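First comes the structure, then the notes that go with it.
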Amino acid sequence: MDISSTMTDIEKSRIQMQVDSFNKTLAASQQRASKNQLDKDDFLKILITQLTHQDPTKPMEDREFIAQMAQFSSLEQMTNMSKEFAKMQNVIASNQAISLIGKTVQVTDGEQVITGKVEEVSGYEYPQLLVNGKYYDMSRIEKIRQE
């Protein structure tokens with residue numbers, strides 16, 4: 001089936017504009033190699049592209065538009081919740097680190113195992129513990145003892 005023979009030049013150019021716009025959006029999202037999923041900005045770009053290139057004689061139905069806006073709203077709420085959970089995780093990590101002050105810990109430093117008291121805690125998002133005059137990340141703790 002040859003689609004090009006059944007389309008007018010105006011229809012071809014409109015379709016080509018839609019394809020080009022979609023490809024630009026797709027290329028921009030592919031540049032963010034670390035992301036595997038669409039975020040709210042990508043969703044909004046797609047929605048705007050749809051509205052910009054819709055056929056004026058067949059506009060998007062109200063139900064479709066409302067459903068897409070509801071999806072966008074849900075996505076935004078999930079994004080906000082994710083940010084708040086990250087903040088909460090930082091507070092919990094900081095509190096855990098503070099609770100270790102004065103306790104004896106075993107930390108790994110490469111192949112070595114160092115034992116000493118936690119003298120102080122530095123940092124908020126990624127707390128560091130001062131043990132025997134050197135800072136260690138909390139992830140290096142092997143054992144904790146109360147003395």
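Identifiers in this document derive from the order of the structure tokens: chains are assigned A, B, ..., residues are numbered from 1 separately in each chain, and ligands are numbered from 1 in order of occurrence.
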Find the residues near region 96-101 of chain A: any atom within 10 Å, counting only C-alpha atoms, skip ones fewer than 2 places away on the same chain, and give them as a PyMOL selection string. chain A and resi 90-94+103-105+117-124+126-131+137-138+144-146
Any idea what's packed within 12 Å of Asn80 (chain A), counting only C-alpha atoms, ignoring anything in its chain fewer than 6 positions away? Could you give it as an MDAnalysis selection string? chainID A and resid 39:40 73:74 86:87
When DSSP is applied to the backbone of this structure, which of chain A are assigned strand (DSSP E)? Write them out as a PyMOL selection string. chain A and resi 104-109+112-122+128-131+134-137+141-145
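Note that the spacing between CA of Glu125 (chain A) and CA of Val107 (chain A) amounts to 19.5 Å.
You can rank A:Thr8, A:Gln54, A:Gln112, A:Thr49 by their closest distance to Phe22 (chain A) using only C-alpha atoms, and at the top of that list sits A:Thr49.
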May I have all residues of region 7-121 of chain A that DSSP, computed from the backbone, assigns to helix (DSSP H, G or I), given as a PyMOL selection string? chain A and resi 9-31+40-52+62-99
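Nearest to Leu51 (chain A) of all the residues A:Glu142, A:Lys24, A:Met78, A:Gln18 is A:Gln18, counting only C-alpha atoms.
Shortest atom-to-atom contact with Thr52 (chain A) among A:Phe85, A:Thr79, A:Met17, A:Ala70: A:Met17, counting only C-alpha atoms.
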